[in-house]
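Enquirer: Contents of work_35.cif (mmCIF, C-alpha atoms) are below:
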```
data_target
loop_
_atom_site.label_atom_id
_atom_site.label_comp_id
_atom_site.auth_asym_id
_atom_site.auth_seq_id
_atom_site.Cartn_x
_atom_site.Cartn_y
_atom_site.Cartn_z
CA MET A 26 8.61 12.28 -78.32
CA LYS A 27 9.39 15.70 -79.74
CA ALA A 28 10.72 16.81 -76.38
CA ILE A 29 12.97 13.74 -76.16
CA ALA A 30 14.26 14.27 -79.71
CA PHE A 31 14.89 17.96 -78.99
CA SER A 32 16.78 17.05 -75.80
CA ILE A 33 18.98 14.55 -77.64
CA TRP A 34 19.63 17.10 -80.43
CA LEU A 35 20.52 19.75 -77.85
CA PHE A 36 22.81 17.38 -75.96
CA ILE A 37 24.67 16.38 -79.16
CA ASN A 38 25.12 20.03 -80.12
CA LEU A 39 26.41 20.93 -76.66
CA VAL A 40 28.93 18.06 -76.78
CA CYS A 41 30.13 19.08 -80.26
CA PHE A 42 30.36 22.73 -79.22
CA GLY A 43 32.30 21.78 -76.07
CA MET A 44 34.74 19.62 -78.02
CA CYS A 45 35.33 22.33 -80.59
CA GLY A 46 35.93 24.87 -77.83
CA TYR A 47 38.34 22.57 -76.05
CA ILE A 48 40.32 21.92 -79.26
CA TYR A 49 40.43 25.64 -79.98
CA LEU A 50 41.72 26.31 -76.46
CA LEU A 51 44.48 23.72 -76.81
CA TRP A 52 45.47 25.04 -80.24
CA SER A 53 45.58 28.67 -79.07
CA GLN A 54 47.66 27.71 -76.02
CA TYR A 55 50.11 25.90 -78.29
CA TRP A 56 50.53 28.87 -80.60
CA ASN A 57 50.89 31.21 -77.64
CA TYR A 58 53.72 28.98 -76.41
CA ILE A 59 55.38 28.94 -79.85
CA THR A 60 55.13 32.74 -80.10
CA LYS A 61 56.70 33.21 -76.68
CA GLN A 62 59.53 30.81 -77.56
CA GLN A 63 60.19 32.67 -80.81
CA LYS A 64 60.30 36.01 -78.99
CA LEU A 65 62.60 34.52 -76.36
CA THR A 66 64.90 33.14 -79.05
CA ALA A 67 64.88 36.44 -80.93
CA GLN A 68 65.95 38.27 -77.78
CA GLU A 69 68.66 35.75 -77.01
CA THR A 70 70.13 35.17 -80.46
CA PRO A 71 71.39 37.35 -83.28
CA LYS A 72 68.99 37.85 -86.17
CA VAL A 73 71.41 36.53 -88.78
CA ASP A 74 71.54 32.75 -88.36
CA ASN A 75 73.34 31.51 -91.46
CA ARG A 76 76.44 33.62 -91.02
CA PRO A 77 79.52 31.58 -90.02
CA LEU A 78 80.08 31.67 -86.30
CA VAL A 79 83.64 32.90 -86.57
CA ASP A 80 83.50 35.06 -89.66
CA TYR A 81 85.57 37.83 -88.11
CA PHE A 82 87.81 35.55 -86.03
CA GLN A 83 89.28 33.71 -88.97
CA GLU A 84 92.81 35.11 -88.88
CA PRO A 85 95.37 32.52 -87.69
CA VAL A 86 96.00 32.39 -83.97
CA PRO A 87 99.54 33.73 -83.54
CA VAL A 88 101.04 31.24 -81.11
CA ASP A 89 104.74 30.47 -80.84
CA MET A 90 104.98 27.35 -78.72
CA HIS A 91 108.53 26.20 -79.38
CA ASP A 92 110.14 28.03 -76.47
CA VAL A 93 107.38 27.42 -73.95
CA GLU A 94 107.76 25.00 -71.05
CA TRP A 95 104.63 22.93 -71.47
CA ARG A 96 102.57 22.62 -68.35
CA HIS A 97 98.85 23.01 -67.75
CA GLN A 98 97.61 26.03 -65.96
CA GLU A 99 97.07 25.99 -62.21
CA LEU A 100 93.42 25.41 -61.53
CA VAL A 101 91.18 27.58 -59.36
CA GLN A 102 87.84 26.48 -57.90
CA LEU A 103 85.04 28.40 -59.54
CA PRO A 104 81.43 28.50 -58.41
CA LEU A 105 79.52 27.91 -60.36
CA ARG A 106 68.46 4.60 -84.11
CA SER A 107 67.96 5.83 -87.44
CA ASN A 108 71.17 3.98 -88.40
CA SER A 109 74.15 5.01 -86.34
CA LYS A 110 76.33 7.54 -88.11
CA PRO A 111 77.64 8.50 -85.92
CA ARG A 112 98.16 0.92 -71.79
CA PHE A 113 99.62 2.57 -68.95
CA PRO A 114 102.87 0.93 -67.88
CA ASN A 115 103.47 2.39 -64.43
CA SER A 116 101.06 4.17 -62.14
CA VAL A 117 102.00 7.79 -61.52
CA LYS A 118 100.79 9.23 -58.25
CA PRO A 119 99.80 12.91 -58.36
CA THR A 120 102.10 15.06 -56.31
CA GLU A 121 101.23 18.69 -56.85
CA PRO A 122 98.90 20.67 -59.11
CA PRO A 123 100.19 21.26 -62.66
CA LYS A 124 102.30 24.35 -63.18
CA PRO A 125 100.66 27.26 -64.97
CA VAL A 126 100.79 27.81 -68.68
CA PRO A 127 101.38 31.47 -69.61
CA GLU A 128 98.03 33.13 -70.18
CA CYS A 129 99.15 34.41 -73.56
CA TYR A 130 101.94 33.18 -75.79
CA GLU A 131 104.27 35.39 -77.80
CA ASN A 132 102.52 37.76 -80.22
CA CYS A 133 99.03 36.98 -78.92
CA ASP A 134 96.59 39.68 -80.00
CA PHE A 135 93.17 38.40 -78.98
CA THR A 136 91.78 40.84 -76.44
CA GLU A 137 89.62 39.69 -73.57
CA SER A 138 86.63 41.46 -75.13
CA ARG A 139 87.05 39.58 -78.42
CA LEU A 140 87.36 36.24 -76.63
CA GLN A 141 84.27 37.08 -74.56
CA ALA A 142 82.35 38.00 -77.71
CA PHE A 143 83.30 34.69 -79.31
CA LYS A 144 82.35 32.78 -76.14
CA ASN A 145 78.93 34.46 -75.96
CA GLN A 146 78.26 33.84 -79.63
CA LEU A 147 79.24 30.18 -79.30
CA ILE A 148 77.01 29.62 -76.26
CA VAL A 149 74.10 31.23 -78.07
CA ARG A 150 74.63 28.88 -81.02
CA LEU A 151 74.82 25.80 -78.79
CA ARG A 152 71.66 26.82 -76.95
CA ARG A 153 69.85 27.49 -80.21
CA VAL A 154 70.70 24.03 -81.51
CA LEU A 155 69.65 22.51 -78.19
CA HIS A 156 66.25 24.26 -78.21
CA ASP A 157 65.75 23.38 -81.88
CA GLU A 158 66.40 19.70 -81.17
CA SER A 159 63.95 19.73 -78.25
CA ASN A 160 60.98 20.46 -80.54
CA VAL A 161 58.34 17.92 -79.53
CA PHE A 162 57.25 17.24 -83.12
CA ARG A 163 60.83 16.48 -84.19
CA SER A 164 61.69 14.39 -81.15
CA ARG A 165 58.57 12.25 -81.60
CA ASP A 166 60.09 10.67 -84.71
CA GLY A 167 63.65 10.60 -83.39
CA ASN A 168 63.63 7.78 -80.88
CA PRO A 169 65.39 4.82 -82.54
CA TYR A 170 66.53 3.35 -79.21
CA ASN A 171 63.10 3.44 -77.57
CA VAL A 172 64.19 5.91 -74.88
CA HIS A 173 61.55 6.61 -72.23
CA TYR A 174 63.08 8.91 -69.67
CA LYS A 175 61.14 9.12 -66.40
CA GLY A 176 63.43 11.39 -64.45
CA THR A 177 63.36 15.14 -63.95
CA ARG A 178 65.05 17.92 -65.92
CA SER A 179 66.85 20.57 -63.93
CA SER A 180 66.88 24.24 -64.93
CA HIS A 181 69.59 24.99 -62.38
CA LEU A 182 72.98 23.44 -63.14
CA GLY A 183 74.65 24.25 -59.83
CA THR A 184 78.37 24.69 -59.33
CA SER A 185 80.97 22.72 -61.25
CA GLN A 186 81.69 20.70 -58.11
CA GLU A 187 78.02 19.80 -57.67
CA LEU A 188 77.80 18.74 -61.30
CA LEU A 189 80.91 16.59 -60.96
CA CYS A 190 79.62 14.96 -57.78
CA ASP A 191 76.30 14.19 -59.46
CA LEU A 192 78.20 12.62 -62.35
CA MET A 193 80.22 10.48 -59.95
CA LYS A 194 77.00 9.26 -58.31
CA SER A 195 75.44 8.48 -61.69
CA VAL A 196 78.45 6.77 -63.32
CA PRO A 197 81.29 6.23 -60.82
CA ARG A 198 83.17 4.03 -63.33
CA LEU A 199 82.39 2.84 -66.81
CA ARG A 200 81.86 -0.92 -66.74
CA THR A 201 83.09 -3.27 -69.43
CA ILE A 202 81.96 -6.75 -70.44
CA ASP A 203 83.91 -9.21 -68.27
CA GLY A 204 82.95 -12.35 -70.21
CA LYS A 205 82.01 -14.21 -67.02
CA SER A 206 78.28 -13.53 -67.06
CA ARG A 207 75.56 -14.64 -69.44
CA PRO A 208 75.22 -14.54 -72.37
CA PHE A 209 78.95 -14.02 -72.98
CA SER A 210 80.16 -16.86 -70.76
CA GLU A 211 78.36 -19.33 -73.00
CA THR A 212 80.07 -18.14 -76.19
CA GLY A 213 83.58 -17.72 -77.52
CA LEU A 214 83.47 -14.08 -76.51
CA GLY A 215 83.70 -15.04 -72.85
CA ASP A 216 87.16 -16.51 -73.42
CA SER A 217 88.24 -13.55 -75.56
CA VAL A 218 87.87 -10.86 -72.90
CA PRO A 219 91.25 -9.98 -71.30
CA ARG A 220 91.67 -11.07 -67.71
CA VAL A 221 93.25 -7.71 -66.86
CA PRO A 222 90.91 -4.69 -66.63
CA LEU A 223 91.14 -1.66 -68.85
CA PHE A 224 92.36 0.27 -65.79
CA ALA A 225 93.68 -1.27 -62.60
CA PRO A 226 92.01 0.17 -59.47
CA GLN A 227 95.31 1.62 -58.21
CA GLU A 228 96.18 3.39 -61.47
CA HIS A 229 96.22 7.15 -61.20
CA TYR A 230 97.66 9.91 -63.34
CA ASN A 231 98.16 13.63 -63.04
CA ASN A 232 97.33 15.10 -66.48
CA CYS A 233 95.26 13.17 -69.02
CA ALA A 234 94.46 14.38 -72.55
CA ILE A 235 91.35 13.74 -74.59
CA VAL A 236 92.03 14.68 -78.20
CA SER A 237 88.98 15.35 -80.33
CA SER A 238 89.04 14.83 -84.09
CA ALA A 239 87.83 18.37 -84.77
CA GLY A 240 88.87 20.13 -87.95
CA SER A 241 89.98 23.11 -85.88
CA LEU A 242 92.97 21.09 -84.66
CA LYS A 243 94.45 21.57 -88.11
CA GLY A 244 97.11 24.26 -87.80
CA SER A 245 96.74 24.47 -84.02
CA ASN A 246 100.33 23.47 -83.13
CA LEU A 247 98.96 21.75 -80.02
CA GLY A 248 101.01 18.57 -80.53
CA PRO A 249 103.72 19.26 -77.90
CA LEU A 250 101.11 20.29 -75.33
CA ILE A 251 99.08 17.15 -75.95
CA ASP A 252 102.13 14.87 -75.72
CA SER A 253 103.10 16.42 -72.37
CA ASN A 254 100.16 14.61 -70.74
CA ASP A 255 100.63 11.32 -68.91
CA VAL A 256 97.77 9.66 -70.80
CA VAL A 257 96.47 10.53 -74.28
CA LEU A 258 93.06 9.28 -75.41
CA ARG A 259 92.03 9.39 -79.07
CA PHE A 260 88.97 8.28 -81.02
CA ASN A 261 88.18 5.86 -83.80
CA HIS A 262 90.53 6.05 -86.80
CA ALA A 263 91.93 9.55 -86.15
CA PRO A 264 95.60 9.38 -87.26
CA THR A 265 98.68 10.99 -85.74
CA GLU A 266 101.19 10.29 -88.50
CA GLY A 267 101.55 13.37 -90.65
CA TYR A 268 99.72 15.52 -88.10
CA ASP A 269 102.31 15.47 -85.30
CA ASP A 270 102.59 19.25 -84.88
CA ASP A 271 98.86 19.64 -84.37
CA VAL A 272 97.75 16.50 -82.51
CA GLY A 273 100.97 14.98 -81.13
CA THR A 274 102.29 11.45 -81.46
CA LYS A 275 101.45 9.77 -78.16
CA THR A 276 98.46 7.44 -77.94
CA THR A 277 97.74 5.32 -74.89
CA ILE A 278 94.07 4.52 -75.40
CA ARG A 279 91.44 4.71 -78.16
CA ILE A 280 87.68 4.60 -77.95
CA LEU A 281 86.13 2.97 -81.02
CA ASN A 282 82.49 2.93 -82.05
CA SER A 283 81.04 -0.27 -83.48
CA GLN A 284 81.15 1.01 -87.05
CA VAL A 285 84.94 1.36 -86.91
CA VAL A 286 85.19 -2.13 -85.42
CA SER A 287 82.83 -3.81 -87.88
CA LYS A 288 83.27 -2.07 -91.25
CA PRO A 289 86.16 -3.31 -93.46
CA GLU A 290 87.13 0.18 -94.63
CA PHE A 291 88.46 1.02 -91.16
CA ASN A 292 90.81 -2.00 -91.20
CA PHE A 293 90.31 -2.75 -87.52
CA LEU A 294 91.86 -6.22 -87.74
CA TYR A 295 95.08 -5.27 -89.50
CA SER A 296 95.90 -1.60 -88.92
CA PRO A 297 98.80 -0.96 -86.50
CA MET A 298 96.72 1.93 -85.16
CA TYR A 299 94.75 -0.58 -83.08
CA ARG A 300 97.62 -2.59 -81.61
CA ASP A 301 99.66 -2.41 -78.42
CA ILE A 302 97.47 0.22 -76.76
CA LYS A 303 94.30 0.09 -74.68
CA LEU A 304 91.11 -0.12 -76.73
CA LEU A 305 87.52 0.39 -75.62
CA ALA A 306 84.85 -0.49 -78.21
CA TRP A 307 81.19 0.45 -77.78
CA ASP A 308 77.86 -0.24 -79.42
CA PRO A 309 74.49 1.12 -78.23
CA SER A 310 71.72 -1.16 -77.07
CA ASN A 311 68.13 -0.09 -76.79
CA TYR A 312 67.42 2.03 -73.72
CA THR A 313 65.88 -0.81 -71.69
CA SER A 314 67.52 -3.83 -73.36
CA SER A 315 69.16 -6.54 -71.30
CA LEU A 316 72.65 -7.73 -72.19
CA GLU A 317 71.11 -10.84 -73.75
CA GLN A 318 68.84 -8.76 -75.99
CA TRP A 319 71.73 -6.51 -77.01
CA PHE A 320 73.97 -9.51 -77.74
CA MET A 321 71.33 -10.96 -80.07
CA ASN A 322 70.71 -7.64 -81.84
CA PRO A 323 73.60 -5.15 -81.71
CA ASP A 324 73.51 -1.94 -83.71
CA PHE A 325 76.54 -3.22 -85.67
CA ASP A 326 78.24 -6.61 -85.34
CA ILE A 327 80.88 -5.66 -82.80
CA PHE A 328 81.41 -9.15 -81.38
CA THR A 329 82.77 -11.10 -84.37
CA PRO A 330 85.60 -8.66 -85.24
CA TYR A 331 86.32 -8.18 -81.55
CA MET A 332 87.01 -11.90 -81.06
CA LYS A 333 89.13 -12.03 -84.23
CA HIS A 334 91.14 -9.04 -83.09
CA ARG A 335 91.76 -10.64 -79.70
CA GLN A 336 92.99 -13.82 -81.40
CA MET A 337 95.31 -11.90 -83.71
CA ASN A 338 96.53 -9.43 -81.05
CA PRO A 339 96.39 -11.21 -77.69
CA ASP A 340 98.67 -8.63 -76.06
CA THR A 341 96.37 -5.71 -76.90
CA ASN A 342 94.10 -4.89 -73.97
CA THR A 343 90.78 -4.56 -75.76
CA HIS A 344 87.44 -4.30 -73.97
CA ILE A 345 83.78 -3.72 -74.84
CA LEU A 346 81.71 -1.15 -72.95
CA ASP A 347 78.66 -2.31 -71.04
CA PRO A 348 75.93 -0.40 -72.95
CA ARG A 349 73.82 0.07 -69.83
CA ASP A 350 76.36 2.64 -68.63
CA LEU A 351 75.98 4.47 -71.91
CA TRP A 352 72.34 5.14 -71.07
CA LYS A 353 73.14 6.04 -67.47
CA LEU A 354 75.33 8.76 -68.90
CA TRP A 355 72.50 9.86 -71.22
CA ASP A 356 70.20 10.04 -68.18
CA TYR A 357 72.71 12.30 -66.46
CA LEU A 358 72.83 14.61 -69.48
CA GLN A 359 69.04 14.81 -69.66
CA ALA A 360 68.68 15.33 -65.90
CA HIS A 361 70.97 18.38 -66.12
CA THR A 362 69.47 19.88 -69.30
CA PRO A 363 66.24 21.90 -69.00
CA VAL A 364 64.89 20.83 -72.43
CA ARG A 365 64.64 17.50 -74.24
CA ILE A 366 67.89 16.26 -75.72
CA ARG A 367 68.42 13.90 -78.65
CA LYS A 368 67.38 10.36 -77.77
CA ASN A 369 70.64 8.96 -79.09
CA PRO A 370 73.65 7.87 -77.05
CA PRO A 371 76.31 10.36 -75.94
CA SER A 372 79.36 10.91 -78.11
CA SER A 373 82.68 9.11 -77.72
CA GLY A 374 84.12 12.38 -76.44
CA PHE A 375 81.82 12.47 -73.43
CA LEU A 376 82.40 8.75 -72.91
CA GLY A 377 86.14 9.45 -72.82
CA LEU A 378 85.69 12.06 -70.12
CA VAL A 379 83.72 9.72 -67.86
CA LEU A 380 86.18 6.90 -68.52
CA LEU A 381 89.14 8.97 -67.27
CA LEU A 382 87.54 10.84 -64.37
CA PRO A 383 88.27 8.13 -61.75
CA TYR A 384 91.93 7.79 -62.78
CA CYS A 385 93.19 11.31 -63.51
CA SER A 386 93.73 14.40 -61.38
CA TYR A 387 92.96 16.63 -64.36
CA ILE A 388 91.44 15.85 -67.76
CA ASN A 389 92.31 18.26 -70.57
CA MET A 390 89.95 18.04 -73.56
CA TYR A 391 91.47 19.47 -76.73
CA GLU A 392 89.18 21.23 -79.21
CA TYR A 393 86.13 19.56 -77.70
CA ILE A 394 84.81 23.06 -77.13
CA PRO A 395 85.27 25.06 -80.37
CA THR A 396 87.93 27.78 -80.35
CA VAL A 397 88.53 30.86 -82.48
CA ARG A 398 90.03 28.44 -85.03
CA LEU A 399 86.54 27.01 -85.68
CA THR A 400 85.72 26.22 -89.30
CA ASN A 401 83.20 23.94 -91.03
CA LEU A 402 85.90 21.29 -91.51
CA CYS A 403 84.61 18.11 -89.89
CA HIS A 404 87.92 16.38 -89.03
CA TYR A 405 91.51 17.52 -89.08
CA PHE A 406 92.45 14.52 -91.27
CA ASP A 407 89.86 14.85 -94.06
CA GLU A 408 88.27 17.50 -96.25
CA VAL A 409 84.62 17.00 -95.31
CA ASN A 410 82.84 20.27 -94.48
CA ASP A 411 79.92 19.80 -92.11
CA PRO A 412 79.13 22.08 -89.13
CA SER A 413 77.00 19.33 -87.57
CA CYS A 414 80.25 17.58 -86.61
CA THR A 415 80.71 20.41 -84.11
CA PHE A 416 77.14 21.19 -83.08
CA GLY A 417 75.56 17.76 -83.41
CA ALA A 418 73.40 15.90 -85.89
CA TRP A 419 73.09 12.56 -84.12
CA HIS A 420 74.67 12.67 -80.66
CA PRO A 421 73.35 15.24 -78.13
CA LEU A 422 76.53 17.25 -78.69
CA SER A 423 75.18 20.67 -77.79
CA ALA A 424 73.97 19.44 -74.39
CA GLU A 425 77.32 17.73 -73.80
CA LYS A 426 79.37 20.79 -74.64
CA LEU A 427 77.30 23.19 -72.55
CA LEU A 428 77.66 20.81 -69.62
CA ALA A 429 81.40 20.43 -70.23
CA LEU A 430 81.74 24.22 -70.17
CA ALA A 431 79.98 24.25 -66.81
CA LEU A 432 82.46 21.63 -65.50
CA ASN A 433 85.50 23.45 -66.90
CA ARG A 434 88.05 25.10 -64.57
CA ALA A 435 90.42 26.57 -67.18
CA SER A 436 90.45 30.24 -68.20
CA ASP A 437 88.57 31.58 -71.21
CA ARG A 438 91.89 32.18 -72.96
CA SER A 439 92.88 28.54 -72.49
CA VAL A 440 89.49 27.35 -73.73
CA PHE A 441 88.76 29.64 -76.66
CA GLN A 442 92.24 30.56 -77.87
CA THR A 443 94.72 27.87 -76.83
CA GLY A 444 92.20 25.09 -77.27
CA PHE A 445 91.51 23.01 -74.15
CA ILE A 446 89.12 22.80 -71.23
CA THR A 447 90.26 21.30 -67.94
CA ILE A 448 88.00 19.19 -65.71
CA PRO A 449 89.22 17.83 -62.35
CA GLY A 450 89.00 14.11 -61.71
CA TYR A 451 86.72 12.55 -59.13
CA GLN A 452 89.49 12.26 -56.56
CA ASN A 453 90.37 15.93 -56.93
CA ASP A 454 86.99 17.19 -55.69
CA SER A 455 85.45 16.22 -52.37
CA CYS A 456 81.97 14.84 -52.94
#
```
The structure in this file should be written as structure tokens.
Expert:
Amino acid sequence: MKAIAFSIWLFINLVCFGMCGYIYLLWSQYWNYITKQQKLTAQETPKVDNRPLVDYFQEPVPVDMHDVEWRHQELVQLPLRSNSKPRFPNSVKPTEPPKPVPECYENCDFTESRLQAFKNQLIVRLRRVLHDESNVFRSRDGNPYNVHYKGTRSSHLGTSQELLCDLMKSVPRLRTIDGKSRPFSETGLGDSVPRVPLFAPQEHYNNCAIVSSAGSLKGSNLGPLIDSNDVVLRFNHAPTEGYDDDVGTKTTIRILNSQVVSKPEFNFLYSPMYRDIKLLAWDPSNYTSSLEQWFMNPDFDIFTPYMKHRQMNPDTNTHILDPRDLWKLWDYLQAHTPVRIRKNPPSSGFLGLVLLLPYCSYINMYEYIPTVRLTNLCHYFDEVNDPSCTFGAWHPLSAEKLLALALNRASDRSVFQTGFITIPGYQNDSC
């Protein structure tokens, strides 16, 4: 009996010792990983983190645009849920590539080395935010849409053409609710959906503009350049009146999130801002939800004001995005980002890019990538100071912007001084 008792005691001790050793091994491996990551970050990033990104680039950009013939530069192929916070009359066939914009306007004084320094500093900041967001302990609590990604994450982006071709395979065209399928066909919403699509298949344009709402547009004098585009896409309730010099006056399409559509303070039903143009409204479903499940439980009530708006403005071509494409786009972002990204839907800005890619030869995105005008101002039309509007606090903005930079074909001066990146449309690259 003593031998049996001793054997049991010995076995229990061995099991306990083995478990303790295994836990210690796991814990030490984790801290080794954290230490390596901290060293890697320290080598990659400047030691001072709280200093403003553009503290010594704050002087106004000296640009005289009044005597410039506005054309976009000739392009050259380069290798390369917590709660949500956050039109074209005649088809124009592309004929020839856009004419070049002068590399530097009158009185420009930003040297190539200063622009390169700003670019490097910006990329470091975006990568730092991206790695910070990928922390497994933070991401564990940040999955309001029940995202369970089963695909791979690539550490090699590839050339801009490869990235664009992958995007075309993932989301060739953004789909909208047509009203003919369940559950919409059985409700009043089915009759509210316009019978004409947001874009006709034959529509095609040369230059298309996507105008962000960034605070750095204030004082940019980009209005004439923006208005020179064939199509101008804006977001939510961003105004043009009173800001003409900086953001232009032309609007052909707006993308609206469901908060703007549903909340009375945005005056969706009565504001002239939302009439007589193309409108695309969106609301995120859960990652694996069916259309029926989303219809029964939207993030915000997008459907009731949508139907009222259609009744009051029957000539306005207003559509609702199929939320399944929203998550296809998120999958694309995650597949081309080596670390975990926020498990929230992409921003309206990235949605706008994918919306226009099938219909435009070139898409010019204004102040989507921060320029030397960068400040903490959230929007050009308000006085809210919040750097997360630029680097992301809800959408996976840092991942989007790094990917957009990889897709860009414009020069560093165009991107970081003038204020736009240029991405070729699907039909402009052979995939």
Enquirer: How many Å separate atom CA of A:Lys353 from atom CA of A:Asn322?
Expert: 20.0 Å
Enquirer: Name the residues that the PyMOL selection byres ((chain A and resi 263) around 9) picks from the file above, as a list in words, using the file's chain letters and numbers.
Expert: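 Answer for the PyMOL selection byres ((chain A and resi 263) around 9): Ser237, Ser238, Arg259, Phe260, Asn261, His262, Pro264, Thr265, His404, Tyr405 and Phe406 of chain A.
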Enquirer: Suppose a student applies the PyMOL selection byres ((chain A and resi 175-181) around 12) to this structure; what residues should they get, written as a list in words?
Expert: Leu105, Val172, His173, Tyr174, Leu182, Gly183, Thr184, Ser185, Glu187, Leu188, Tyr312, Lys353, Trp355, Asp356, Tyr357, Leu358, Gln359, Ala360, His361, Thr362, Pro363, Val364, Arg365, Ile366, Leu428 and Ala431 of chain A
Enquirer: Next, the residues of the selection above should be written as a PDB file, in the coordinates of the input with C-alpha atoms.
Expert:
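part_35.pdb was written with the following content:
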```
ATOM      1  CA  LEU A 105      79.520  27.910 -60.360  1.00  0.00           C
ATOM      2  CA  VAL A 172      64.190   5.910 -74.880  1.00  0.00           C
ATOM      3  CA  HIS A 173      61.550   6.610 -72.230  1.00  0.00           C
ATOM      4  CA  TYR A 174      63.080   8.910 -69.670  1.00  0.00           C
ATOM      5  CA  LEU A 182      72.980  23.440 -63.140  1.00  0.00           C
ATOM      6  CA  GLY A 183      74.650  24.250 -59.830  1.00  0.00           C
ATOM      7  CA  THR A 184      78.370  24.690 -59.330  1.00  0.00           C
ATOM      8  CA  SER A 185      80.970  22.720 -61.250  1.00  0.00           C
ATOM      9  CA  GLU A 187      78.020  19.800 -57.670  1.00  0.00           C
ATOM     10  CA  LEU A 188      77.800  18.740 -61.300  1.00  0.00           C
ATOM     11  CA  TYR A 312      67.420   2.030 -73.720  1.00  0.00           C
ATOM     12  CA  LYS A 353      73.140   6.040 -67.470  1.00  0.00           C
ATOM     13  CA  TRP A 355      72.500   9.860 -71.220  1.00  0.00           C
ATOM     14  CA  ASP A 356      70.200  10.040 -68.180  1.00  0.00           C
ATOM     15  CA  TYR A 357      72.710  12.300 -66.460  1.00  0.00           C
ATOM     16  CA  LEU A 358      72.830  14.610 -69.480  1.00  0.00           C
ATOM     17  CA  GLN A 359      69.040  14.810 -69.660  1.00  0.00           C
ATOM     18  CA  ALA A 360      68.680  15.330 -65.900  1.00  0.00           C
ATOM     19  CA  HIS A 361      70.970  18.380 -66.120  1.00  0.00           C
ATOM     20  CA  THR A 362      69.470  19.880 -69.300  1.00  0.00           C
ATOM     21  CA  PRO A 363      66.240  21.900 -69.000  1.00  0.00           C
ATOM     22  CA  VAL A 364      64.890  20.830 -72.430  1.00  0.00           C
ATOM     23  CA  ARG A 365      64.640  17.500 -74.240  1.00  0.00           C
ATOM     24  CA  ILE A 366      67.890  16.260 -75.720  1.00  0.00           C
ATOM     25  CA  LEU A 428      77.660  20.810 -69.620  1.00  0.00           C
ATOM     26  CA  ALA A 431      79.980  24.250 -66.810  1.00  0.00           C
TER      27      ALA A 431
END
```
Enquirer: In the coordinates of the file, take the point (80.8, 23.0, -83.4) and a cut-off of 12 Å; then, counting only C-alpha atoms, name each qualifying protein, DNA or RNA residue as a ChimeraX atom specification.
Expert: /A:77-79,146-152,154,237-241,392-404,410-418,421-427
Enquirer: Spell out the residues picked by the PyMOL selection byres ((chain A and resi 290-307) around 6) here, as a list of chain:residue names.
Expert: A:Arg112, A:Thr277, A:Ile278, A:Arg279, A:Ile280, A:Leu281, A:Asn282, A:Ser283, A:Val285, A:Val286, A:Lys288, A:Pro289, A:Asp308, A:His334, A:Thr341, A:Asn342, A:Thr343, A:His344, A:Ile345, A:Leu346
Enquirer: Please measure the separation of atom CA of A:Thr329 and atom CA of A:Lys275, giving the value in Å to one decimal.
Expert: 28.7 Å
Enquirer: List every protein, DNA or RNA residue that has an atom no more than 8 Å from (106.4, 14.9, -82.6) in the file's coordinate frame, counting only C-alpha atoms, and report them as a ChimeraX atom specification.
Expert: /A:248-249,269-270,273-274
Enquirer: Of the candidates A:Arg438, A:Val379, A:Ser287, A:Gln186, which one gets nearest to A:Phe328 if we count only C-alpha atoms?
Expert: A:Ser287
Enquirer: Could you pull the residues within 12 Å of A:Ser206, counting all atoms listed in the file, minus those fewer than 6 positions along the same chain, as a list in words?
Expert: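 With the cut-off at 12 Å, the set is Thr212, Leu214, Gly215, Asp216, Val218, Leu316, Glu317 and Asp347 of chain A.
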Enquirer: Please indicate the distance in Å from atom CA of A:Phe325 to atom CA of A:Val409, rounded to one decimal place.
Expert: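 Straight-line distance from atom CA of A:Phe325 to atom CA of A:Val409 works out to 23.8 Å.
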Enquirer: When distances are computed from only C-alpha atoms, which of A:Asp350, A:Ile327, A:Arg220, A:Asp407 shows the smallest separation from A:Ser195?
Expert: A:Asp350
Enquirer: Which is closest to A:Glu137 among A:Pro449, A:Asp437, A:Ala225, A:Arg200, if we use all atoms listed in the file?
Expert: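 Comparing A:Pro449, A:Asp437, A:Ala225, A:Arg200 against A:Glu137, the winner is A:Asp437.
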Enquirer: Looking at A:Met390, A:Ala429, A:Val221, A:Val196, which one is nearest to A:Leu242, with distances taken over all atoms listed in the file?
Expert: A:Met390
Enquirer: My list of candidates is A:Ser439, A:Asn453, A:Asn254, A:Ser373. Which is closest to A:Thr276 when distances are computed with only C-alpha atoms?
Expert: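 Checking each of A:Ser439, A:Asn453, A:Asn254, A:Ser373 against A:Thr276, counting only C-alpha atoms, the winner is A:Asn254.
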